[in-house]
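**Q** One file: protein.cif (mmCIF, C-alpha atoms).
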```cif
data_run
#
loop_
_atom_site.label_atom_id
_atom_site.label_comp_id
_atom_site.auth_asym_id
_atom_site.auth_seq_id
_atom_site.Cartn_x
_atom_site.Cartn_y
_atom_site.Cartn_z
CA MET A 95 0.00 0.00 0.00
CA ARG A 96 2.70 2.42 1.01
CA GLN A 97 4.62 1.60 -2.14
CA ILE A 98 1.67 2.54 -4.32
CA LEU A 99 1.14 5.79 -2.46
CA VAL A 100 4.79 6.84 -2.63
CA LEU A 101 5.23 5.99 -6.29
CA THR A 102 1.96 7.68 -7.28
CA SER A 103 2.71 10.87 -5.40
CA VAL A 104 6.23 11.07 -6.83
CA CYS A 105 4.76 10.74 -10.32
CA VAL A 106 2.10 13.38 -9.69
CA VAL A 107 4.61 15.90 -8.35
CA SER A 108 6.90 15.24 -11.29
CA ALA A 109 4.08 15.69 -13.79
CA LEU A 110 2.99 18.97 -12.21
CA LEU A 111 6.53 20.31 -12.23
CA LEU A 112 7.04 19.34 -15.86
CA SER A 113 3.80 20.87 -17.07
CA TYR A 114 4.76 24.12 -15.37
CA VAL A 115 8.20 24.18 -17.03
CA TYR A 116 6.62 23.28 -20.37
CA LEU A 117 4.18 26.17 -20.11
CA PHE A 118 6.80 28.85 -19.74
CA THR A 119 9.39 27.46 -22.15
CA ILE A 120 7.16 26.60 -25.11
CA PRO A 121 6.63 30.20 -26.35
CA LYS A 122 10.41 30.69 -26.43
CA ILE A 123 10.98 27.43 -28.28
CA LYS A 124 8.42 28.37 -30.93
CA GLU A 125 9.93 31.83 -31.30
CA HIS A 126 13.36 30.33 -32.01
CA LYS A 127 11.99 28.02 -34.66
CA GLU A 128 10.24 30.93 -36.34
CA LYS A 129 13.35 33.12 -36.32
CA PHE A 130 15.43 30.30 -37.74
CA PHE A 131 13.12 30.10 -40.75
CA THR A 132 12.64 33.76 -41.47
CA SER A 133 16.38 34.47 -41.34
CA ALA A 134 17.03 31.63 -43.78
CA LEU A 135 14.28 32.83 -46.13
CA SER A 136 15.39 36.44 -46.26
CA GLU A 137 18.99 35.37 -46.80
CA ILE A 138 18.02 33.46 -49.94
CA PHE A 139 15.45 36.00 -51.21
CA PRO A 140 16.63 39.38 -49.88
CA ASN A 141 13.90 41.21 -51.78
CA MET A 142 10.96 39.09 -50.73
CA GLY A 143 7.74 40.79 -49.78
CA GLY A 144 6.40 37.96 -47.70
CA TYR A 145 6.07 34.24 -47.55
CA LYS A 146 3.43 31.59 -47.23
CA GLU A 147 3.98 28.26 -45.58
CA VAL A 148 2.66 25.56 -47.89
CA VAL A 149 4.11 22.48 -46.22
CA LYS A 150 4.50 22.71 -42.48
CA ASP A 151 8.12 23.35 -41.42
CA SER A 152 9.51 22.52 -44.84
CA CYS A 153 8.22 24.47 -47.83
CA TYR A 154 7.52 28.16 -48.31
CA GLN A 155 6.20 30.14 -51.27
CA ILE A 156 8.05 33.42 -51.59
CA LEU A 157 5.90 36.35 -52.64
CA SER A 158 6.97 39.41 -54.62
CA GLU A 159 7.16 42.79 -52.95
CA ASP A 160 3.56 43.68 -53.73
CA LYS A 161 2.57 40.19 -52.54
CA THR A 162 0.64 39.42 -55.73
CA LYS A 163 2.69 36.68 -57.33
CA ILE A 164 5.03 33.91 -56.39
CA ILE A 165 8.67 34.63 -57.22
CA GLY A 166 10.11 31.42 -55.92
CA LEU A 167 10.11 28.69 -53.41
CA VAL A 168 12.27 27.86 -50.41
CA PHE A 169 12.25 24.35 -49.07
CA ARG A 170 14.01 22.74 -46.22
CA THR A 171 15.52 19.35 -46.78
CA GLY A 172 17.81 16.95 -45.05
CA GLU A 173 20.02 14.29 -46.57
CA LYS A 174 22.24 11.79 -44.86
CA GLY A 175 25.86 12.88 -45.18
CA TYR A 176 28.97 11.37 -43.69
CA GLY A 177 28.46 12.30 -40.05
CA GLY A 178 24.72 12.70 -39.90
CA ILE A 179 21.88 14.55 -41.53
CA ILE A 180 22.91 17.59 -43.57
CA GLU A 181 20.17 20.13 -43.14
CA MET A 182 19.76 22.79 -45.79
CA PHE A 183 17.48 25.46 -47.12
CA VAL A 184 17.25 25.64 -50.88
CA GLY A 185 15.70 28.47 -52.87
CA ILE A 186 14.46 27.96 -56.43
CA ASP A 187 13.03 30.55 -58.78
CA THR A 188 10.02 30.17 -61.05
CA LEU A 189 12.15 28.42 -63.71
CA GLU A 190 13.11 25.77 -61.16
CA LYS A 191 16.69 27.03 -61.10
CA VAL A 192 18.52 27.05 -57.79
CA CYS A 193 18.94 30.63 -56.63
CA GLY A 194 20.11 30.20 -53.08
CA LEU A 195 21.50 27.59 -50.77
CA LYS A 196 22.01 27.73 -47.05
CA ILE A 197 23.50 24.81 -45.16
CA ALA A 198 23.11 24.55 -41.39
CA SER A 199 26.28 25.39 -39.45
CA PRO A 200 27.99 22.97 -37.06
CA ALA A 201 26.45 24.97 -34.22
CA GLU A 202 23.07 24.19 -35.74
CA GLY A 203 23.73 20.47 -35.81
CA LEU A 204 25.88 19.80 -38.87
CA LYS A 205 28.18 16.90 -38.12
CA GLU A 206 30.50 16.72 -41.14
CA THR A 207 34.24 16.43 -40.66
CA PRO A 208 36.04 19.77 -40.23
CA GLY A 209 38.54 20.28 -43.02
CA LEU A 210 36.80 17.79 -45.32
CA GLY A 211 33.03 17.40 -45.39
CA LEU A 212 32.53 20.72 -43.64
CA LYS A 213 33.81 22.44 -46.81
CA ILE A 214 30.30 22.05 -48.24
CA ARG A 215 29.54 25.29 -46.39
CA GLU A 216 32.17 27.24 -48.31
CA ASP A 217 31.03 29.53 -51.11
CA LYS A 218 33.34 27.87 -53.61
CA PHE A 219 31.25 24.72 -53.36
CA LYS A 220 27.85 26.29 -52.81
CA ASN A 221 28.08 28.76 -55.70
CA GLN A 222 28.31 25.87 -58.16
CA PHE A 223 24.63 25.22 -57.63
CA LEU A 224 23.39 28.69 -58.48
CA GLY A 225 21.40 28.88 -61.71
CA LYS A 226 21.41 25.13 -62.24
CA ILE A 227 18.36 23.00 -62.92
CA LYS A 228 17.61 19.59 -61.49
CA GLU A 229 19.27 17.56 -64.26
CA GLN A 230 22.59 19.39 -63.83
CA ILE A 231 22.78 18.89 -60.10
CA LYS A 232 24.80 15.69 -59.94
CA LEU A 233 28.46 15.06 -59.31
CA LYS A 234 30.62 15.23 -62.43
CA LYS A 235 31.41 11.55 -62.33
CA GLU A 236 27.72 10.77 -62.33
CA GLY A 237 27.15 12.90 -65.39
CA GLY A 238 26.26 16.18 -63.74
CA GLU A 239 28.04 19.48 -63.41
CA ILE A 240 28.97 19.65 -59.75
CA GLU A 241 32.63 19.34 -58.78
CA ALA A 242 32.86 17.21 -55.61
CA ILE A 243 35.10 18.27 -52.75
CA THR A 244 38.28 16.21 -52.72
CA ALA A 245 38.06 13.40 -50.16
CA ALA A 246 34.52 14.36 -49.25
CA THR A 247 32.47 12.72 -51.98
CA ILE A 248 29.79 11.45 -49.60
CA SER A 249 29.07 14.91 -48.24
CA SER A 250 29.12 16.48 -51.72
CA LYS A 251 26.80 13.82 -53.11
CA ALA A 252 24.42 14.23 -50.18
CA VAL A 253 24.01 17.93 -50.92
CA CYS A 254 23.29 17.19 -54.61
CA ASP A 255 20.82 14.43 -53.80
CA GLY A 256 19.06 16.53 -51.19
CA ILE A 257 18.56 19.42 -53.59
CA ARG A 258 17.47 17.19 -56.45
CA LYS A 259 14.94 15.28 -54.40
CA GLY A 260 13.67 18.50 -52.88
CA ILE A 261 13.04 20.13 -56.25
CA GLU A 262 11.24 17.02 -57.46
CA LYS A 263 9.07 16.95 -54.36
CA TYR A 264 8.16 20.60 -54.03
CA LYS A 265 8.19 22.10 -57.54
CA LYS A 266 4.41 21.72 -57.80
CA TYR A 267 4.04 24.49 -55.24
CA LEU A 268 5.57 26.99 -57.68
CA LYS A 269 2.19 27.34 -59.30
CA GLU A 270 -0.62 29.32 -57.82
CA GLU A 271 -3.21 27.02 -56.29
CA MET B 4 34.99 17.69 7.92
CA ARG B 5 31.82 17.31 5.87
CA PHE B 6 33.39 19.19 3.04
CA LYS B 7 35.44 16.12 2.23
CA TYR B 8 32.36 14.89 0.35
CA PHE B 9 32.84 17.85 -1.93
CA TRP B 10 36.62 17.55 -2.40
CA ASN B 11 36.44 13.79 -2.89
CA GLY B 12 34.46 14.24 -6.08
CA ILE B 13 37.10 16.37 -7.72
CA ILE B 14 40.20 14.18 -7.44
CA LEU B 15 40.09 11.13 -5.18
CA GLU B 16 36.66 9.98 -6.31
CA ASN B 17 36.55 11.76 -9.63
CA PRO B 18 33.61 10.11 -11.43
CA VAL B 19 35.33 9.84 -14.80
CA LEU B 20 39.00 9.30 -14.05
CA ILE B 21 38.86 7.29 -10.81
CA LEU B 22 35.40 5.70 -10.57
CA MET B 23 35.36 5.29 -14.38
CA ILE B 24 31.62 5.91 -14.74
CA GLY B 25 29.83 8.21 -17.15
CA LEU B 26 32.38 7.57 -19.87
CA CYS B 27 29.89 7.57 -22.74
CA PRO B 28 28.82 11.24 -22.53
CA THR B 29 32.41 12.18 -21.70
CA LEU B 30 33.74 10.68 -24.91
CA ALA B 31 30.82 11.67 -27.10
CA THR B 32 30.38 15.33 -26.23
CA SER B 33 33.96 16.41 -25.53
CA ILE B 34 34.66 17.35 -29.16
CA SER B 35 34.85 21.06 -28.42
CA ALA B 36 35.25 23.19 -25.30
CA ARG B 37 31.83 24.78 -25.67
CA ASP B 38 29.89 21.54 -26.12
CA ALA B 39 31.79 19.92 -23.27
CA LEU B 40 31.01 22.78 -20.94
CA GLY B 41 27.35 22.69 -21.94
CA MET B 42 27.14 18.96 -21.30
CA GLY B 43 28.98 19.37 -17.98
CA ILE B 44 26.60 22.05 -16.76
CA ALA B 45 23.49 20.17 -17.90
CA ALA B 46 24.58 16.96 -16.19
CA SER B 47 25.63 18.89 -13.07
CA PHE B 48 22.22 20.48 -12.73
CA VAL B 49 20.53 17.09 -12.92
CA LEU B 50 23.02 15.45 -10.55
CA ILE B 51 22.81 18.10 -7.83
CA PHE B 52 19.03 18.29 -7.82
CA SER B 53 18.46 14.56 -8.04
CA ASN B 54 20.85 14.07 -5.11
CA ILE B 55 18.98 16.63 -3.02
CA PHE B 56 15.55 15.22 -3.77
CA VAL B 57 16.51 11.58 -3.40
CA SER B 58 18.04 12.40 -0.05
CA ALA B 59 14.99 14.40 1.03
CA ILE B 60 12.54 11.57 0.46
CA ARG B 61 14.86 8.69 1.35
CA LYS B 62 13.04 7.90 4.63
CA ILE B 63 9.59 7.53 3.12
CA VAL B 64 10.60 5.52 0.05
CA PRO B 65 10.35 1.76 0.62
CA ASP B 66 13.47 -0.15 -0.34
CA ASN B 67 11.96 -2.25 -3.10
CA ILE B 68 10.64 0.65 -5.20
CA ARG B 69 13.62 2.97 -4.76
CA ILE B 70 15.01 2.49 -8.27
CA PRO B 71 11.78 3.51 -10.08
CA VAL B 72 11.51 6.51 -7.76
CA PHE B 73 15.10 7.52 -8.54
CA ILE B 74 14.46 7.19 -12.24
CA ILE B 75 11.34 9.37 -12.08
CA ILE B 76 13.19 12.07 -10.15
CA ILE B 77 16.16 11.99 -12.51
CA SER B 78 14.07 12.00 -15.68
CA THR B 79 12.01 14.92 -14.38
CA PHE B 80 15.12 17.05 -14.04
CA VAL B 81 16.50 15.85 -17.37
CA THR B 82 13.28 16.91 -19.07
CA ILE B 83 13.47 20.30 -17.39
CA VAL B 84 17.04 20.76 -18.65
CA ASP B 85 15.92 19.64 -22.08
CA TYR B 86 13.18 22.30 -22.29
CA ILE B 87 15.34 25.04 -20.84
CA LEU B 88 18.14 24.35 -23.31
CA GLN B 89 15.67 24.34 -26.20
CA ALA B 90 14.24 27.64 -25.06
CA TYR B 91 17.37 29.57 -24.15
CA GLU B 92 20.30 27.83 -25.87
CA PRO B 93 18.80 26.36 -29.04
CA ASN B 94 22.15 26.11 -30.83
CA MET B 95 23.78 24.18 -28.03
CA TYR B 96 20.71 21.97 -27.85
CA LYS B 97 21.17 21.02 -31.48
CA VAL B 98 24.82 20.15 -30.92
CA LEU B 99 24.29 18.11 -27.76
CA GLY B 100 21.28 16.54 -29.44
CA VAL B 101 20.41 13.11 -28.20
CA PHE B 102 22.92 13.30 -25.35
CA VAL B 103 20.68 15.58 -23.31
CA PRO B 104 17.86 13.02 -22.96
CA LEU B 105 20.54 10.39 -22.42
CA ILE B 106 21.59 12.08 -19.18
CA VAL B 107 18.77 9.95 -17.72
CA VAL B 108 20.93 6.86 -18.04
CA ASN B 109 24.18 8.57 -17.08
CA CYS B 110 25.66 6.16 -14.55
CA ILE B 111 27.08 8.97 -12.43
CA ILE B 112 23.64 10.23 -11.52
CA LEU B 113 21.89 6.97 -10.70
CA GLY B 114 25.11 5.75 -9.09
CA ARG B 115 25.28 8.70 -6.69
CA ALA B 116 21.56 8.45 -5.89
CA GLU B 117 21.95 4.81 -4.97
CA ALA B 118 25.36 4.88 -3.32
CA PHE B 119 25.22 8.19 -1.53
CA ALA B 120 22.03 10.26 -1.52
CA TYR B 121 19.86 7.33 -0.41
CA ARG B 122 21.99 6.92 2.72
CA TYR B 123 23.06 10.42 3.73
CA GLY B 124 21.44 13.72 4.72
CA ILE B 125 20.37 16.48 2.36
CA PHE B 126 23.36 18.77 2.93
CA ASP B 127 25.90 15.96 2.57
CA SER B 128 24.16 14.78 -0.59
CA PHE B 129 24.24 18.27 -1.98
CA LEU B 130 27.99 18.49 -1.29
CA ASP B 131 28.54 15.10 -2.86
CA GLY B 132 26.52 16.05 -5.95
CA LEU B 133 28.38 19.34 -6.25
CA GLY B 134 31.78 17.69 -5.92
CA LYS B 135 31.04 14.98 -8.46
CA SER B 136 29.60 17.59 -10.81
CA VAL B 137 32.68 19.75 -10.62
CA GLY B 138 34.86 16.67 -11.12
CA PHE B 139 32.86 15.56 -14.15
CA THR B 140 32.65 19.03 -15.70
CA LEU B 141 36.34 19.62 -15.16
CA VAL B 142 37.40 16.42 -16.92
CA ILE B 143 35.00 16.81 -19.83
CA PHE B 144 35.99 20.45 -20.25
CA ILE B 145 39.71 19.68 -20.25
CA MET B 146 39.13 16.95 -22.81
CA GLY B 147 36.96 19.21 -24.96
CA THR B 148 39.59 21.95 -24.88
CA ILE B 149 42.46 19.64 -25.84
CA ARG B 150 40.48 17.93 -28.58
CA GLU B 151 39.23 21.19 -30.04
CA ILE B 152 42.70 22.77 -30.06
CA LEU B 153 44.42 19.73 -31.54
CA ALA B 154 41.77 18.91 -34.12
CA GLN B 155 40.45 22.29 -35.19
CA GLY B 156 43.03 24.74 -33.85
CA THR B 157 40.33 26.73 -32.09
CA PHE B 158 39.22 27.38 -28.52
CA PHE B 159 35.55 28.31 -28.04
CA GLY B 160 35.55 28.88 -31.78
CA MET B 161 38.44 31.40 -31.69
CA LYS B 162 41.58 30.63 -33.63
CA VAL B 163 44.48 29.89 -31.30
CA MET B 164 46.81 28.00 -33.62
CA PRO B 165 48.58 29.29 -36.74
CA ASP B 166 46.97 28.57 -40.11
CA ALA B 167 49.79 26.24 -41.04
CA TYR B 168 48.76 24.03 -38.13
CA ILE B 169 45.05 24.18 -38.85
CA ASN B 170 45.59 22.97 -42.41
CA ASN B 171 47.45 19.88 -41.19
CA SER B 172 45.86 19.35 -37.80
CA LEU B 173 45.50 16.11 -35.86
CA LEU B 174 42.01 15.62 -37.25
CA PHE B 175 41.55 12.23 -35.63
CA MET B 176 41.31 13.88 -32.22
CA ILE B 177 37.72 14.82 -33.01
CA PHE B 178 36.80 11.21 -33.74
CA PRO B 179 36.22 8.49 -31.14
CA PRO B 180 39.81 7.14 -31.28
CA GLY B 181 41.11 10.55 -30.25
CA GLY B 182 38.72 10.59 -27.30
CA PHE B 183 39.80 7.15 -26.12
CA LEU B 184 43.46 8.00 -26.50
CA LEU B 185 43.08 11.22 -24.54
CA ILE B 186 41.08 9.67 -21.71
CA GLY B 187 43.75 6.98 -21.43
CA ILE B 188 46.48 9.60 -21.17
CA LEU B 189 44.55 11.58 -18.55
CA LYS B 190 43.87 8.41 -16.55
CA ALA B 191 47.58 7.55 -16.63
CA ILE B 192 48.54 11.02 -15.39
CA VAL B 193 45.99 10.89 -12.56
CA ASN B 194 47.10 7.39 -11.56
CA LYS B 195 50.72 8.49 -11.40
CA LEU B 196 50.05 11.70 -9.49
CA PHE B 197 47.34 10.70 -7.01
CA LEU B 198 47.22 6.94 -6.74
CA ASN B 199 51.01 6.32 -6.76
CA LYS B 200 50.80 3.48 -9.22
#
```
Show me the file's structure as C-alpha cells.
**A**
Amino acid sequence: MRQILVLTSVCVVSALLLSYVYLFTIPKIKEHKEKFFTSALSEIFPNMGGYKEVVKDSCYQILSEDKTKIIGLVFRTGEKGYGGIIEMFVGIDTLEKVCGLKIASPAEGLKETPGLGLKIREDKFKNQFLGKIKEQIKLKKEGGEIEAITAATISSKAVCDGIRKGIEKYKKYLKEE
Amino acid sequence: MRFKYFWNGIILENPVLILMIGLCPTLATSISARDALGMGIAASFVLIFSNIFVSAIRKIVPDNIRIPVFIIIISTFVTIVDYILQAYEPNMYKVLGVFVPLIVVNCIILGRAEAFAYRYGIFDSFLDGLGKSVGFTLVIFIMGTIREILAQGTFFGMKVMPDAYINNSLLFMIFPPGGFLLIGILKAIVNKLFLNK
C-alpha cells in the first residue's frame, strides 16, 4: 500500500513540475523556430515581400514585394551525409533554377568532418549550384556538373541528392493554387 | 569535515577518471570546449538536484521501489534541462542533441543516488553532488579543450593555432579514437600523481 502511495505521489509531483516548465518554455521554443526560418528565407530572397507556408516546417512560397505573385520557393531538406543529416534550405526561382543555398552550421547540428566534409559550407562549393536546374545537379562523375570536394564525396553527393529530391518533391508548389 | 564529500568528487573519487563511470557522454560530447562545458553544466544540474531530492525523500521511500523513484526524479530534471536548453540555448541543444535526454541513463547520476544520496542527509548529498559535478565538468571540459585545439586549432571557436597548423591538424582527435586515446592519457597522469601506481 505504502509503495503505491509513494510511487503515485512522486509521479504526480513530477508531472505537475514538468507541465509548469513546459508552459513557460514553449513560447520561447516556438519563437526560435520561427526566427530560424525567417532568417534563412530572407537570406536566400533578400527582396521578398512575404512568404506563405505551404508544407509545415519545410516548404515556403516566396511572394513578390507587392505580394501578388510567387517569385520562388524555399524548401528545407535533409540528406544523410557522412556524419549525420545535412540540413539545408534551398531556394528555387520560377524556372526551377537554384537561386540560393544555405547549409546549417555545425552549431546548428551539422556533423560533417572539419577540413573535409565541412567544406560544403564554403562559397566555392555552394556557388556551383546557383542557376542550375535539377538535371545538372549531380556530381561530375555521375554525369552532372557539380565538382565534388576532394576526399569528401559522400558529403558532396548528399548535398546534390538533397537538392534534387527536394526540387522534385516541391516544384508543384511553384504554381498558384 | 563534511566538506570532504565535496573535495572527494574532484580528485580522489573523480567520477570519470577514478570511478570510471559516465564515460559515454564524456567521450561523445567532448569534441569542443563549448559543447563539453554545456554537457557538464546540464549533467551537473541534474546530478545536484536529483541528489537533493533523493536524499529528502529517502526515509519515506520503501526499499523495493527505490530504483523507479530515482528514475522518475532523474528523468524529471532531465526533461526540465531539455526544455530550458531548447528555449534559451537552441544552438547548443542542437549540438548536444540526443545526449541531453541520455543524461537519464548517465551512470554517475543513478550511481550517486543509490550509493550516496539514499543513505546520507540532504546537505551531505548536496555536497557530494556538487563535488562529483565539478569533477565531471572539469574532466569533460579539459578533454573538450584539448580535442578542439588539436583537431580544429580553435578554442571556443576562436583561432588559437597558426593557419599552417590548422591545415594539417590532428584531425583524428575529433573522432572516437582521439577521445579514447586522450582519456587513457589523462587516466595515466591521474594514476601516477594521485594513486602512486
**Q** Take the PyMOL selection byres ((chain B) within 8 of (chain A)), apply it to the structure above, and return the hits as a list in words.
**A**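 Applying the expression gives Ile63, Val64, Pro65, Ile68, Pro71, Val72, Ile75, Ile76, Thr79, Thr82, Ile83, Tyr86, Ile87, Gln89, Ala90, Tyr91, Pro93, Asn94, Met95, Lys97, Val98, Gly100, Gln155, Asn170 and Leu174 of chain B.
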**Q** What lies within 10 Å of Lys269 (chain A) using only C-alpha atoms, ignoring chain neighbours under 6 positions off, as a ChimeraX atom specification?
**A** /A:155,163-167,188
**Q** Expand the PyMOL selection byres ((chain A and resi 134) around 12) into the explicit residue set it covers here, and present it as a PyMOL selection string.
**A** chain A and resi 127-133+135-140+142+145+152+154+168-170+181-185+194-199
**Q** Taking the file as I've supplied it (selection: the PyMOL selection byres ((chain B and resi 124) around 10)), which residues are included? Please answer as a PyMOL selection string.
**A** chain B and resi 54-55+57-59+61+119-123+125-129
**Q** Please provide the set of residues having any atom within 9 Å of region 132-143 of chain B, restricted to only C-alpha atoms, with same-chain residues fewer than 6 positions apart removed, written as a PyMOL selection string.
**A** chain B and resi 8-14+16-20+25+28-30+32-33+36+39-44+46-48+50-55+111-112+115+120+189
**Q** In Å, rounded to a single decimal, give me how far CA of Lys263 (chain A) is from CA of Asn221 (chain A).
**A**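 Taking CA of Asn221 (chain A) and CA of Lys263 (chain A), their separation equals 22.4 Å.
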**Q** What is the CA of Asp38 (chain B) to CA of Phe80 (chain B) distance in Å?
**A**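 Atom-to-atom, CA of Asp38 (chain B) and CA of Phe80 (chain B) are spaced 19.6 Å apart.
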**Q** Between B:Leu22, B:Pro179, B:Leu88, B:Ala116, which one has atoms that come closest to Phe56 (chain B), using all atoms listed in the file?
**A**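 Comparing B:Leu22, B:Pro179, B:Leu88, B:Ala116 against Phe56 (chain B), the winner is B:Ala116.
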**Q** Please determine, counting only C-alpha atoms, which residue among A:Ile231, A:Ala252, A:Ile261, A:Leu224 has the shortest atom-to-atom distance to Val192 (chain A).
**A**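 Smallest distance to Val192 (chain A) is found for A:Leu224.
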**Q** Determine, counting all atoms listed in the file, which protein, DNA and RNA residues have an atom within 7 Å of an atom of Gly256 (chain A); residues of the same chain fewer than 6 positions away are not included. Present the result as a list in words.
**A** Thr171, Gly172 and Glu173 of chain A
**Q** Using all atoms listed in the file, determine which residues lie at most 12 Å from Ile240 (chain A), disregarding the query and same-chain residues fewer than 3 positions distant; provide the list as a ChimeraX atom specification.
**A** /A:214,218-224,226-237,243,247,250-255
**Q** Could you check how far CA of Leu113 (chain B) sits from CA of Met23 (chain B), in Å to one decimal?
**A**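 If I compute the distance from CA of Leu113 (chain B) to CA of Met23 (chain B), I get 14.1 Å.
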